[in-house]
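Shown next: entry00.cif, containing mmCIF, C-alpha atoms.
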```cif
data_my_file
loop_
_atom_site.label_atom_id
_atom_site.label_comp_id
_atom_site.auth_asym_id
_atom_site.auth_seq_id
_atom_site.Cartn_x
_atom_site.Cartn_y
_atom_site.Cartn_z
CA MET Q 1 111.71 127.62 1.29
CA THR Q 2 114.82 128.23 -0.77
CA PRO Q 3 118.28 128.52 0.80
CA GLU Q 4 118.25 132.24 0.04
CA GLU Q 5 114.90 132.76 1.78
CA ILE Q 6 116.07 130.85 4.85
CA LEU Q 7 119.39 132.71 4.80
CA ALA Q 8 117.47 136.01 4.90
CA ASP Q 9 115.74 134.86 8.09
CA LEU Q 10 119.01 133.77 9.69
CA ILE Q 11 120.86 136.97 8.77
CA SER Q 12 118.14 139.07 10.42
CA CYS Q 13 119.11 137.53 13.78
CA ASP Q 14 122.01 139.54 15.19
CA ASP Q 15 122.88 137.23 18.09
CA LEU Q 16 126.55 137.67 18.93
CA PRO Q 17 128.91 135.33 20.80
CA GLY Q 18 128.91 135.55 24.56
CA GLN Q 19 125.29 136.74 24.62
CA PRO Q 20 121.86 135.06 24.77
CA ASN Q 21 121.04 133.41 21.45
CA ARG Q 22 117.27 133.22 21.69
CA ALA Q 23 116.61 134.91 18.33
CA ILE Q 24 118.79 132.76 16.09
CA ALA Q 25 118.00 129.56 18.00
CA GLY Q 26 114.29 130.32 17.77
CA CYS Q 27 114.62 130.91 14.03
CA VAL Q 28 116.39 127.58 13.49
CA GLU Q 29 113.92 125.74 15.72
CA GLY Q 30 110.99 127.33 13.91
CA HIS Q 31 112.19 126.18 10.51
CA LEU Q 32 112.74 122.64 11.79
CA ARG Q 33 109.32 122.40 13.42
CA ARG Q 34 107.64 123.80 10.31
CA MET Q 35 109.03 120.81 8.43
CA GLY Q 36 107.87 118.33 11.05
CA ILE Q 37 111.21 117.90 12.84
CA GLU Q 38 111.21 117.80 16.64
CA PRO Q 39 114.66 119.15 17.57
CA VAL Q 40 116.49 118.55 20.83
CA ILE Q 41 117.20 121.86 22.57
CA LEU Q 42 120.33 121.64 24.71
CA THR Q 43 120.72 124.52 27.14
CA GLY Q 44 124.34 125.36 27.93
CA PRO Q 45 125.67 125.96 31.44
CA GLU Q 46 125.32 129.72 30.92
CA GLY Q 47 121.54 129.22 31.01
CA ASP Q 48 120.79 131.74 28.26
CA ARG Q 49 122.31 129.95 25.24
CA VAL Q 50 121.35 126.72 23.51
CA ASN Q 51 122.68 124.17 21.07
CA ILE Q 52 120.21 122.42 18.78
CA LEU Q 53 120.32 118.87 17.43
CA ALA Q 54 117.89 117.52 14.84
CA THR Q 55 118.00 113.95 13.55
CA ILE Q 56 116.55 112.66 10.29
CA GLY Q 57 116.65 108.89 9.92
CA PRO Q 58 117.17 106.06 12.41
CA ARG Q 59 118.74 107.28 15.66
CA ASP Q 60 119.97 103.80 16.56
CA ARG Q 61 122.33 103.57 13.59
CA SER Q 62 125.63 105.35 13.05
CA GLY Q 63 125.23 108.39 10.83
CA VAL Q 64 126.75 111.71 9.79
CA ILE Q 65 126.70 115.03 11.64
CA LEU Q 66 126.34 118.28 9.71
CA SER Q 67 127.73 120.88 12.10
CA GLY Q 68 127.62 124.66 12.06
CA HIS Q 69 127.61 127.57 14.50
CA MET Q 70 124.81 130.09 14.86
CA ASP Q 71 126.80 133.05 16.21
CA VAL Q 72 128.52 135.75 14.16
CA VAL Q 73 131.22 138.30 14.93
CA PRO Q 74 130.25 141.92 15.68
CA VAL Q 75 130.06 144.64 13.04
CA ALA Q 76 131.00 147.54 15.32
CA GLY Q 77 133.53 149.85 13.67
CA GLN Q 78 133.06 148.33 10.23
CA ASP Q 79 131.94 150.36 7.22
CA TRP Q 80 129.15 148.41 5.49
CA SER Q 81 127.48 149.42 2.25
CA SER Q 82 124.16 147.98 3.45
CA ASP Q 83 122.53 146.82 6.67
CA PRO Q 84 124.69 143.87 7.80
CA PHE Q 85 121.67 142.22 9.43
CA ARG Q 86 119.47 142.35 6.38
CA LEU Q 87 120.27 140.07 3.46
CA THR Q 88 120.91 142.29 0.45
CA ARG Q 89 121.29 141.04 -3.12
CA ARG Q 90 123.53 143.30 -5.16
CA ASP Q 91 125.51 142.48 -8.32
CA ASP Q 92 124.59 138.78 -7.98
CA ARG Q 93 126.05 138.65 -4.49
CA LEU Q 94 124.23 138.10 -1.20
CA TYR Q 95 125.54 140.50 1.46
CA GLY Q 96 125.11 140.22 5.21
CA ARG Q 97 126.97 139.35 8.39
CA GLY Q 98 127.41 135.60 8.50
CA THR Q 99 126.59 134.88 4.87
CA SER Q 100 129.90 133.04 4.46
CA ASP Q 101 130.71 132.41 8.12
CA MET Q 102 128.57 130.43 8.37
CA LYS Q 103 124.86 130.94 8.04
CA GLY Q 104 125.06 130.04 4.35
CA PHE Q 105 125.77 126.45 5.35
CA LEU Q 106 123.02 126.51 7.98
CA ALA Q 107 120.55 127.75 5.36
CA CYS Q 108 121.50 124.89 3.05
CA MET Q 109 121.11 122.35 5.86
CA LEU Q 110 117.62 123.60 6.61
CA ALA Q 111 116.57 123.99 2.96
CA MET Q 112 117.53 120.38 2.28
CA VAL Q 113 115.47 118.89 5.13
CA PRO Q 114 112.50 117.96 2.88
CA GLU Q 115 114.85 116.09 0.55
CA PHE Q 116 116.52 114.38 3.52
CA GLN Q 117 113.09 113.30 4.74
CA ALA Q 118 112.15 111.94 1.32
CA ALA Q 119 115.40 110.02 0.90
CA THR Q 120 114.50 107.08 3.20
CA LEU Q 121 117.85 107.30 4.91
CA GLN Q 122 119.35 104.00 6.03
CA ARG Q 123 121.80 105.94 8.18
CA PRO Q 124 120.80 109.19 9.87
CA LEU Q 125 121.79 112.77 9.28
CA HIS Q 126 122.20 114.82 12.44
CA LEU Q 127 121.91 118.59 12.04
CA ALA Q 128 123.95 120.24 14.81
CA PHE Q 129 123.70 123.98 15.51
CA SER Q 130 126.09 125.32 18.15
CA TYR Q 131 126.67 128.60 19.98
CA ASP Q 132 129.71 130.75 20.85
CA GLU Q 133 132.04 129.27 18.23
CA GLU Q 134 133.50 132.69 17.49
CA ILE Q 135 134.94 132.97 21.00
CA GLY Q 136 136.60 129.57 21.13
CA CYS Q 137 134.05 126.87 20.21
CA ARG Q 138 132.55 127.13 23.70
CA GLY Q 139 129.11 125.73 22.96
CA VAL Q 140 129.71 122.69 20.80
CA GLY Q 141 131.56 120.77 23.51
CA HIS Q 142 128.33 120.54 25.51
CA LEU Q 143 126.50 119.24 22.44
CA ILE Q 144 129.19 116.63 21.80
CA ALA Q 145 129.03 115.51 25.43
CA ALA Q 146 125.28 114.93 25.09
CA LEU Q 147 125.47 112.85 21.90
CA PRO Q 148 125.87 109.39 23.54
CA ASP Q 149 122.51 109.82 25.29
CA LEU Q 150 120.76 110.97 22.11
CA VAL Q 151 122.01 108.98 19.12
CA ALA Q 152 124.23 106.07 18.12
CA ALA Q 153 127.91 106.94 17.81
CA PRO Q 154 128.27 109.01 14.60
CA MET Q 155 130.60 107.71 11.91
CA ALA Q 156 131.61 111.16 10.61
CA CYS Q 157 131.15 114.89 10.99
CA ILE Q 158 131.13 117.56 8.27
CA VAL Q 159 131.75 121.07 9.58
CA GLY Q 160 130.46 123.60 7.06
CA GLU Q 161 132.95 126.42 7.62
CA PRO Q 162 133.56 128.40 4.41
CA SER Q 163 136.11 126.44 2.37
CA ALA Q 164 135.01 127.28 -1.19
CA MET Q 165 133.44 123.80 -1.15
CA ARG Q 166 136.82 122.11 -0.97
CA PRO Q 167 137.18 119.42 1.69
CA VAL Q 168 139.74 120.51 4.30
CA LEU Q 169 141.57 117.72 6.09
CA SER Q 170 143.33 119.43 9.01
CA HIS Q 171 143.82 122.65 10.94
CA LYS Q 172 145.86 124.02 13.82
CA GLY Q 173 144.82 124.05 17.45
CA LYS Q 174 144.44 127.22 19.50
CA ARG Q 175 144.65 128.44 23.07
CA SER Q 176 143.99 132.06 24.09
CA THR Q 177 145.12 133.31 27.49
CA LEU Q 178 144.72 136.49 29.54
CA LEU Q 179 147.74 137.45 31.64
CA ARG Q 180 146.94 139.77 34.56
CA ILE Q 181 149.98 141.53 36.01
CA ALA Q 182 149.64 143.21 39.40
CA GLY Q 183 152.07 145.98 40.35
CA ARG Q 184 152.04 148.65 43.03
CA ALA Q 185 150.76 152.18 42.48
CA ALA Q 186 152.76 155.26 43.43
CA HIS Q 187 153.03 158.90 42.43
CA SER Q 188 154.84 159.26 39.13
CA SER Q 189 157.34 161.62 40.77
CA GLN Q 190 158.51 158.68 42.92
CA PRO Q 191 158.65 155.73 40.53
CA ASP Q 192 160.87 153.69 42.83
CA ALA Q 193 158.07 153.61 45.40
CA GLY Q 194 155.91 151.55 43.07
CA LEU Q 195 156.11 148.49 40.84
CA ASN Q 196 155.31 149.39 37.24
CA ALA Q 197 153.04 146.66 35.93
CA ILE Q 198 153.39 147.94 32.36
CA TYR Q 199 157.18 147.52 32.51
CA ALA Q 200 156.71 143.92 33.66
CA GLY Q 201 154.20 143.50 30.83
CA ALA Q 202 156.76 144.84 28.35
CA GLU Q 203 159.24 142.17 29.39
CA ILE Q 204 156.57 139.51 28.98
CA LEU Q 205 155.77 140.86 25.50
CA LEU Q 206 159.43 140.54 24.55
CA ALA Q 207 159.41 136.96 25.86
CA ILE Q 208 156.35 136.18 23.72
CA ARG Q 209 158.05 137.60 20.65
CA ALA Q 210 161.25 135.68 21.37
CA LEU Q 211 159.37 132.40 21.80
CA ASN Q 212 157.57 132.94 18.50
CA GLU Q 213 160.90 133.55 16.78
CA ARG Q 214 162.32 130.41 18.34
CA LEU Q 215 159.39 128.29 17.19
CA ALA Q 216 159.92 129.60 13.65
CA VAL Q 217 163.53 128.38 13.74
CA GLN Q 218 163.37 125.26 15.90
CA GLY Q 219 159.87 123.95 15.19
CA PRO Q 220 158.41 121.41 15.47
CA PHE Q 221 157.44 121.72 11.83
CA ASP Q 222 154.53 120.45 9.79
CA HIS Q 223 154.94 121.64 6.22
CA ARG Q 224 151.30 121.00 5.41
CA PHE Q 225 150.61 124.33 7.15
CA SER Q 226 151.52 127.94 6.42
CA PRO Q 227 153.41 128.93 8.46
CA PRO Q 228 154.68 125.37 9.03
CA HIS Q 229 155.22 125.83 12.77
CA SER Q 230 153.28 126.81 15.88
CA THR Q 231 152.92 130.52 16.59
CA VAL Q 232 152.47 132.62 19.71
CA VAL Q 233 151.23 136.21 19.43
CA ALA Q 234 150.23 139.00 21.81
CA GLY Q 235 147.10 140.67 20.48
CA VAL Q 236 145.79 143.04 23.17
CA VAL Q 237 147.54 145.08 25.88
CA ARG Q 238 145.82 147.20 28.54
CA GLY Q 239 147.34 148.96 31.52
CA GLY Q 240 147.53 151.98 33.75
CA SER Q 241 144.99 154.61 34.66
CA ALA Q 242 146.77 157.99 34.42
CA VAL Q 243 150.13 159.26 33.25
CA ASN Q 244 151.00 160.56 36.71
CA ILE Q 245 150.34 157.23 38.46
CA ILE Q 246 152.76 154.29 38.40
CA PRO Q 247 150.50 151.61 36.88
CA ASP Q 248 149.49 148.87 39.28
CA ARG Q 249 147.94 146.65 36.61
CA CYS Q 250 148.55 145.45 33.09
CA GLU Q 251 146.71 142.86 31.01
CA ILE Q 252 147.96 140.96 27.96
CA GLU Q 253 145.79 138.78 25.75
CA MET Q 254 147.88 136.24 23.85
CA GLU Q 255 147.16 133.23 21.70
CA VAL Q 256 148.98 130.10 20.62
CA ARG Q 257 148.17 128.33 17.35
CA SER Q 258 149.80 124.92 17.27
CA VAL Q 259 150.47 122.38 14.57
CA PRO Q 260 149.05 118.89 15.20
CA GLY Q 261 151.22 117.05 17.69
CA ALA Q 262 152.28 120.23 19.50
CA ASP Q 263 150.35 121.05 22.67
CA PRO Q 264 149.24 124.71 22.84
CA ALA Q 265 148.93 124.34 26.62
CA GLU Q 266 152.65 123.53 26.90
CA ILE Q 267 153.62 126.56 24.82
CA THR Q 268 151.34 128.75 26.92
CA ALA Q 269 152.78 127.28 30.12
CA GLU Q 270 156.27 128.31 29.02
CA ILE Q 271 155.19 131.94 28.70
CA VAL Q 272 153.34 131.82 32.02
CA ALA Q 273 156.44 130.43 33.75
CA LEU Q 274 158.60 133.18 32.27
CA ALA Q 275 156.04 135.79 33.35
CA GLN Q 276 155.83 134.48 36.91
CA ALA Q 277 159.63 134.47 37.16
CA LEU Q 278 159.41 138.28 36.97
CA VAL Q 279 157.29 138.48 40.11
CA PRO Q 280 159.99 138.79 42.82
CA GLU Q 281 161.36 142.10 41.52
CA LYS Q 282 159.10 143.35 38.70
CA ALA Q 283 155.54 142.70 39.88
CA LEU Q 284 153.44 141.55 42.80
CA SER Q 285 151.80 138.71 40.87
CA VAL Q 286 151.04 137.35 37.42
CA GLU Q 287 147.80 135.45 36.94
CA ALA Q 288 146.91 133.41 33.83
CA CYS Q 289 143.29 132.89 32.78
CA GLU Q 290 142.26 130.76 29.80
CA LEU Q 291 139.97 132.61 27.40
CA SER Q 292 139.34 129.85 24.87
CA ALA Q 293 140.86 126.69 23.51
CA TYR Q 294 140.21 124.01 20.93
CA PRO Q 295 142.38 121.14 19.70
CA ALA Q 296 143.96 120.77 16.30
CA LEU Q 297 142.33 118.64 13.64
CA PRO Q 298 145.06 116.24 12.54
CA PRO Q 299 144.95 114.66 9.07
CA SER Q 300 143.21 111.29 9.13
CA GLY Q 301 145.10 108.19 8.16
CA ASP Q 302 141.88 106.81 6.65
CA PRO Q 303 141.17 108.35 3.22
CA THR Q 304 137.54 107.17 3.15
CA LEU Q 305 135.87 110.38 4.36
CA ALA Q 306 138.14 112.63 2.27
CA GLY Q 307 137.42 110.53 -0.82
CA LEU Q 308 133.67 110.65 -0.25
CA MET Q 309 133.68 114.42 0.24
CA ALA Q 310 135.88 114.98 -2.82
CA ARG Q 311 133.39 113.01 -4.89
CA LEU Q 312 130.33 114.75 -3.44
CA SER Q 313 131.74 118.29 -3.57
CA GLY Q 314 133.69 117.96 -6.79
CA GLY Q 315 136.62 119.72 -5.11
CA ALA Q 316 140.11 118.39 -4.56
CA PRO Q 317 140.87 118.04 -0.83
CA LEU Q 318 142.91 120.82 0.75
CA GLN Q 319 145.47 119.37 3.11
CA SER Q 320 145.36 122.05 5.79
CA VAL Q 321 144.34 125.53 6.89
CA SER Q 322 145.72 127.66 9.71
CA TYR Q 323 142.36 128.85 11.04
CA GLY Q 324 140.47 126.64 13.47
CA THR Q 325 137.00 125.10 13.73
CA GLU Q 326 134.91 122.86 15.96
CA ALA Q 327 136.06 119.91 13.85
CA GLY Q 328 139.00 119.47 16.23
CA LEU Q 329 136.57 118.89 19.11
CA TYR Q 330 134.56 116.32 17.17
CA HIS Q 331 137.81 114.54 16.27
CA ALA Q 332 138.92 114.57 19.91
CA ALA Q 333 135.60 112.88 20.76
CA GLY Q 334 136.42 110.04 18.38
CA ILE Q 335 134.29 111.25 15.44
CA PRO Q 336 136.22 111.45 12.12
CA SER Q 337 135.77 115.01 10.90
CA ILE Q 338 136.29 117.14 7.82
CA ILE Q 339 135.55 120.75 6.83
CA CYS Q 340 133.57 121.61 3.71
CA GLY Q 341 131.21 124.53 3.21
CA PRO Q 342 130.11 127.34 0.90
CA GLY Q 343 131.75 130.76 0.83
CA GLU Q 344 135.34 131.71 1.47
CA ILE Q 345 137.11 132.38 4.75
CA ALA Q 346 138.73 135.51 3.25
CA ARG Q 347 135.28 137.17 3.21
CA ALA Q 348 134.55 136.40 6.86
CA HIS Q 349 134.72 138.96 9.68
CA ARG Q 350 134.99 141.81 7.17
CA PRO Q 351 132.57 144.55 6.11
CA ASP Q 352 130.35 143.64 3.16
CA GLU Q 353 130.71 139.91 3.81
CA PHE Q 354 128.93 138.01 1.04
CA ILE Q 355 128.16 134.65 -0.49
CA LEU Q 356 127.23 133.77 -4.07
CA PRO Q 357 123.88 132.12 -4.90
CA GLU Q 358 125.73 129.49 -6.92
CA GLU Q 359 127.76 128.60 -3.82
CA LEU Q 360 124.55 127.86 -1.96
CA ALA Q 361 123.37 125.74 -4.88
CA HIS Q 362 126.70 123.87 -4.92
CA CYS Q 363 126.39 123.12 -1.20
CA CYS Q 364 122.84 121.84 -1.62
CA GLN Q 365 124.03 119.58 -4.43
CA MET Q 366 126.70 118.16 -2.14
CA LEU Q 367 124.16 117.55 0.63
CA ARG Q 368 121.82 115.91 -1.85
CA GLY Q 369 124.59 113.52 -2.82
CA LEU Q 370 125.34 112.80 0.84
CA ALA Q 371 121.70 111.93 1.45
CA GLY Q 372 121.82 109.56 -1.52
CA HIS Q 373 124.92 107.94 -0.07
CA LEU Q 374 123.22 107.43 3.32
CA ALA Q 375 120.06 106.09 1.68
CA ALA Q 376 121.96 103.30 -0.08
CA PRO Q 377 121.44 99.89 1.54
#
```
Output the file's structure in the form of structure tokens.
Amino acid sequence: MTPEEILADLISCDDLPGQPNRAIAGCVEGHLRRMGIEPVILTGPEGDRVNILATIGPRDRSGVILSGHMDVVPVAGQDWSSDPFRLTRRDDRLYGRGTSDMKGFLACMLAMVPEFQAATLQRPLHLAFSYDEEIGCRGVGHLIAALPDLVAAPMACIVGEPSAMRPVLSHKGKRSTLLRIAGRAAHSSQPDAGLNAIYAGAEILLAIRALNERLAVQGPFDHRFSPPHSTVVAGVVRGGSAVNIIPDRCEIEMEVRSVPGADPAEITAEIVALAQALVPEKALSVEACELSAYPALPPSGDPTLAGLMARLSGGAPLQSVSYGTEAGLYHAAGIPSIICGPGEIARAHRPDEFILPEELAHCCQMLRGLAGHLAAP
């Protein structure tokens, strides 16, 4: 099957992060088995979601992982010109949720399996399909933990996030946190009888803004990124139940994106400490709950992988991006990692997401060259 035909199958699966992924996992598994590949199905601790690993070539030799996630972001509230879960070709573009992020890469991986099988690989290719990437790379960590029992230590990982087929060398880390503020309810006519959780939340929001401004001035800085410093942002605020009730609860969802070398947990801890300092007079309690986290991908000091990917993709390496991927987790596990995939990140998560047929062809060409590299004695 062609990449476009496989992509149509993948797009028709509307499995979203945080939910069972039977449809998309079954689709991937079906394509692999049709081509004679016996994949390893790795059930996550949730029990209703799986990672998939398929190996082509000798398992006892160090090889290369091709990694991509199966989940896509929701389409609720977005105005699409066509069914987002049906691949639609229009004006030489292929529209559908996940075409760029990142089922286009998955389709290329699967379409190239017959060529991988025919290449007599001296070093293996491992096709890794993970779940729940869109809510903090939650699934791939379980796959990475299982690798030592399944294959020889990989020598590299290529994460196929949309990068316009330019190798990306590094990205920021991320930590998202939910702050739960407990106050005390009272009638709105007697505000002093209660503790207004929203007011405490407002002070925490100001502290978050102030810390972000301080990071912009004081750093630490890494000018390979834009912005060249870590950031902390409040993205969601919820609180109260009625205008005539002093609110006894408020929730803030915040995230930290950190440059390599800066620990997002330390930045988060500073906000949590400031929030909890408000407790004696402004609130009953402040509780912090981690929503998601993944480490930064620092630039490698070894140019070998970047040089290989530049040659195979034909694109000059891009030093850094500010979005994150599962590449940081592979790197943290001791596997040199790089990002390179079809499509563009600017198209992701938006209505009328699309990929170009020539981008799929370009990706397949890169994978063909990688197979040739791994087949060399």
Using 10 Å as the limit and counting all atoms listed in the file, can you tabulate each residue of range 169-265 of chain Q that touches range 280-290 of chain Q, with its shortest atom-to-atom distance in Å and the two atoms involved, as a tab-separated table?
```
residue	atom	partner	partner_atom	distance
Q:Arg175	CA	Q:Glu290	CA	7.5
Q:Ser176	CA	Q:Glu290	CA	6.1
Q:Thr177	CA	Q:Glu290	CA	4.5
Q:Leu178	CA	Q:Cys289	CA	5.1
Q:Leu179	CA	Q:Ala288	CA	4.7
Q:Arg180	CA	Q:Glu287	CA	5.0
Q:Ile181	CA	Q:Val286	CA	4.5
Q:Ala182	CA	Q:Ser285	CA	5.2
Q:Gly183	CA	Q:Ala283	CA	4.8
Q:Arg184	CA	Q:Leu284	CA	7.2
Q:Gly194	CA	Q:Ala283	CA	9.4
Q:Leu195	CA	Q:Ala283	CA	5.9
Q:Asn196	CA	Q:Ala283	CA	7.2
Q:Ala197	CA	Q:Ala283	CA	6.1
Q:Ile198	CA	Q:Ala283	CA	9.4
Q:Tyr199	CA	Q:Lys282	CA	7.7
Q:Ala200	CA	Q:Lys282	CA	5.6
Q:Gly201	CA	Q:Ala283	CA	9.2
Q:Glu203	CA	Q:Lys282	CA	9.4
Q:Asp248	CA	Q:Ala283	CA	8.7
Q:Arg249	CA	Q:Ala283	CA	9.2
Q:Cys250	CA	Q:Val286	CA	9.5
Q:Glu251	CA	Q:Val286	CA	9.5
Q:Ile252	CA	Q:Ala288	CA	9.6
Q:Glu253	CA	Q:Cys289	CA	9.5
Q:Met254	CA	Q:Glu290	CA	9.8
Q:Glu255	CA	Q:Glu290	CA	9.8
Q:Ala265	CA	Q:Glu290	CA	9.8
```
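Distances here use all atoms listed in the file; by that measure, the residue among Q:Ala193, Q:Ala25, Q:Val40, Q:Ala277 closest to Leu10 in chain Q is Q:Ala25.
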Counting all atoms listed in the file, which of Q:Gly219, Q:Pro84, Q:Gly68, Q:Gly328 gets nearest to Ser300 in chain Q?
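With all atoms listed in the file as the atom set, the closest residue is Q:Gly328.
The environment of Ile208 in chain Q within 9 Å, counting all atoms listed in the file and disregarding residues fewer than 4 places along the same chain, consists of Glu203, Ile204, Asn212, Glu213, Val232, Val233, Ala234, Met254 and Ile271 of chain Q.
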Where does the PyMOL selection byres ((chain Q and resi 332-334) around 10) land in this file, that is, which residues does it pick, as a VMD selection string?
chain Q and resid 141 144 to 145 153 to 156 294 to 298 327 to 331 335 to 337
So, counting all atoms listed in the file, which residue among Q:Asp101, Q:Asp9, Q:Glu358, Q:Asp14 is closest to Cys27 in chain Q?
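Answer, going by the shortest atom-to-atom distance: Q:Asp9.
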Give me, please, the distance in Å between CA of Glu134 in chain Q and CA of Ala293 in chain Q, quoted to one decimal.
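Pair CA of Glu134 in chain Q / CA of Ala293 in chain Q returns 11.2 Å.
The set of residues that the PyMOL selection byres ((chain Q and resi 349) around 9) takes from this file is Val72, Val73, Pro74, Val75, Arg97, Gly98, Asp101, Ile345, Ala346, Arg347, Ala348, Arg350, Pro351 and Glu353 of chain Q.
Taking CA of Thr120 in chain Q and CA of Ile37 in chain Q as endpoints, the distance between them is 14.9 Å.
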Within 12 Å of (133.2, 132.8, 20.8), only C-alpha atoms: residues as a VMD selection string?
chain Q and resid 15 to 19 69 to 74 130 to 140 176 291 to 294 325 to 326
Suppose we keep C-alpha atoms; can you now write the selection as a JSON list (two decimals), in the frame of the given file?
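The new file selection07.json reads:
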```
[["chain", "number", "residue", "atom", "x", "y", "z"],
["Q", 15, "ASP", "CA", 122.88, 137.23, 18.09],
["Q", 16, "LEU", "CA", 126.55, 137.67, 18.93],
["Q", 17, "PRO", "CA", 128.91, 135.33, 20.80],
["Q", 18, "GLY", "CA", 128.91, 135.55, 24.56],
["Q", 19, "GLN", "CA", 125.29, 136.74, 24.62],
["Q", 69, "HIS", "CA", 127.61, 127.57, 14.50],
["Q", 70, "MET", "CA", 124.81, 130.09, 14.86],
["Q", 71, "ASP", "CA", 126.80, 133.05, 16.21],
["Q", 72, "VAL", "CA", 128.52, 135.75, 14.16],
["Q", 73, "VAL", "CA", 131.22, 138.30, 14.93],
["Q", 74, "PRO", "CA", 130.25, 141.92, 15.68],
["Q", 130, "SER", "CA", 126.09, 125.32, 18.15],
["Q", 131, "TYR", "CA", 126.67, 128.60, 19.98],
["Q", 132, "ASP", "CA", 129.71, 130.75, 20.85],
["Q", 133, "GLU", "CA", 132.04, 129.27, 18.23],
["Q", 134, "GLU", "CA", 133.50, 132.69, 17.49],
["Q", 135, "ILE", "CA", 134.94, 132.97, 21.00],
["Q", 136, "GLY", "CA", 136.60, 129.57, 21.13],
["Q", 137, "CYS", "CA", 134.05, 126.87, 20.21],
["Q", 138, "ARG", "CA", 132.55, 127.13, 23.70],
["Q", 139, "GLY", "CA", 129.11, 125.73, 22.96],
["Q", 140, "VAL", "CA", 129.71, 122.69, 20.80],
["Q", 176, "SER", "CA", 143.99, 132.06, 24.09],
["Q", 291, "LEU", "CA", 139.97, 132.61, 27.40],
["Q", 292, "SER", "CA", 139.34, 129.85, 24.87],
["Q", 293, "ALA", "CA", 140.86, 126.69, 23.51],
["Q", 294, "TYR", "CA", 140.21, 124.01, 20.93],
["Q", 325, "THR", "CA", 137.00, 125.10, 13.73],
["Q", 326, "GLU", "CA", 134.91, 122.86, 15.96]]
```
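Shortest separation to Pro148 in chain Q among Q:Asp60, Q:Asp222, Q:Glu115, Q:Asp83 occurs at residue Q:Asp60, atoms counted being all atoms listed in the file.
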For range 304-314 of chain Q, please output as an MDAnalysis selection string all residues within 12 Å (counting all atoms listed in the file; exclusion window: fewer than 2 positions along the same chain).
chainID Q and resid 64 155:160 163:170 299:302 316:319 335:342 359 361:374
Would you mind exporting the chosen residues as an mmCIF file, in the frame of the given file, restricted to C-alpha atoms?
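Resulting contents of result00.cif:
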```cif
data_model
loop_
_atom_site.group_PDB
_atom_site.id
_atom_site.type_symbol
_atom_site.label_atom_id
_atom_site.label_comp_id
_atom_site.auth_asym_id
_atom_site.auth_seq_id
_atom_site.Cartn_x
_atom_site.Cartn_y
_atom_site.Cartn_z
ATOM 1 C CA VAL Q 64 126.750 111.710 9.790
ATOM 2 C CA MET Q 155 130.600 107.710 11.910
ATOM 3 C CA ALA Q 156 131.610 111.160 10.610
ATOM 4 C CA CYS Q 157 131.150 114.890 10.990
ATOM 5 C CA ILE Q 158 131.130 117.560 8.270
ATOM 6 C CA VAL Q 159 131.750 121.070 9.580
ATOM 7 C CA GLY Q 160 130.460 123.600 7.060
ATOM 8 C CA SER Q 163 136.110 126.440 2.370
ATOM 9 C CA ALA Q 164 135.010 127.280 -1.190
ATOM 10 C CA MET Q 165 133.440 123.800 -1.150
ATOM 11 C CA ARG Q 166 136.820 122.110 -0.970
ATOM 12 C CA PRO Q 167 137.180 119.420 1.690
ATOM 13 C CA VAL Q 168 139.740 120.510 4.300
ATOM 14 C CA LEU Q 169 141.570 117.720 6.090
ATOM 15 C CA SER Q 170 143.330 119.430 9.010
ATOM 16 C CA PRO Q 299 144.950 114.660 9.070
ATOM 17 C CA SER Q 300 143.210 111.290 9.130
ATOM 18 C CA GLY Q 301 145.100 108.190 8.160
ATOM 19 C CA ASP Q 302 141.880 106.810 6.650
ATOM 20 C CA ALA Q 316 140.110 118.390 -4.560
ATOM 21 C CA PRO Q 317 140.870 118.040 -0.830
ATOM 22 C CA LEU Q 318 142.910 120.820 0.750
ATOM 23 C CA GLN Q 319 145.470 119.370 3.110
ATOM 24 C CA ILE Q 335 134.290 111.250 15.440
ATOM 25 C CA PRO Q 336 136.220 111.450 12.120
ATOM 26 C CA SER Q 337 135.770 115.010 10.900
ATOM 27 C CA ILE Q 338 136.290 117.140 7.820
ATOM 28 C CA ILE Q 339 135.550 120.750 6.830
ATOM 29 C CA CYS Q 340 133.570 121.610 3.710
ATOM 30 C CA GLY Q 341 131.210 124.530 3.210
ATOM 31 C CA PRO Q 342 130.110 127.340 0.900
ATOM 32 C CA GLU Q 359 127.760 128.600 -3.820
ATOM 33 C CA ALA Q 361 123.370 125.740 -4.880
ATOM 34 C CA HIS Q 362 126.700 123.870 -4.920
ATOM 35 C CA CYS Q 363 126.390 123.120 -1.200
ATOM 36 C CA CYS Q 364 122.840 121.840 -1.620
ATOM 37 C CA GLN Q 365 124.030 119.580 -4.430
ATOM 38 C CA MET Q 366 126.700 118.160 -2.140
ATOM 39 C CA LEU Q 367 124.160 117.550 0.630
ATOM 40 C CA ARG Q 368 121.820 115.910 -1.850
ATOM 41 C CA GLY Q 369 124.590 113.520 -2.820
ATOM 42 C CA LEU Q 370 125.340 112.800 0.840
ATOM 43 C CA ALA Q 371 121.700 111.930 1.450
ATOM 44 C CA GLY Q 372 121.820 109.560 -1.520
ATOM 45 C CA HIS Q 373 124.920 107.940 -0.070
ATOM 46 C CA LEU Q 374 123.220 107.430 3.320
#
```
When distances are computed from only C-alpha atoms, which of Q:Ala152, Q:Ala107, Q:Leu87, Q:Ala207 shows the smallest separation from Gln276 in chain Q?
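With only C-alpha atoms as the atom set, the closest residue is Q:Ala207.
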Atom pair CA of Arg33 in chain Q / CA of Leu94 in chain Q: separation (Å)
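These two atoms are separated by 26.1 Å.
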Give me the residues of range 233-278 of chain Q that have any atom at most 10 Å from an atom of range 320-323 of chain Q; for each, the nearest atom pair and the distance in Å, rounded to one decimal. Use only C-alpha atoms, sort by chain and number, and format it as a Markdown table.
```
| residue | atom | partner | partner_atom | distance |
| --- | --- | --- | --- | --- |
| Q:Arg257 | CA | Q:Ser322 | CA | 8.1 |
| Q:Ser258 | CA | Q:Ser322 | CA | 9.0 |
| Q:Val259 | CA | Q:Ser322 | CA | 8.6 |
```
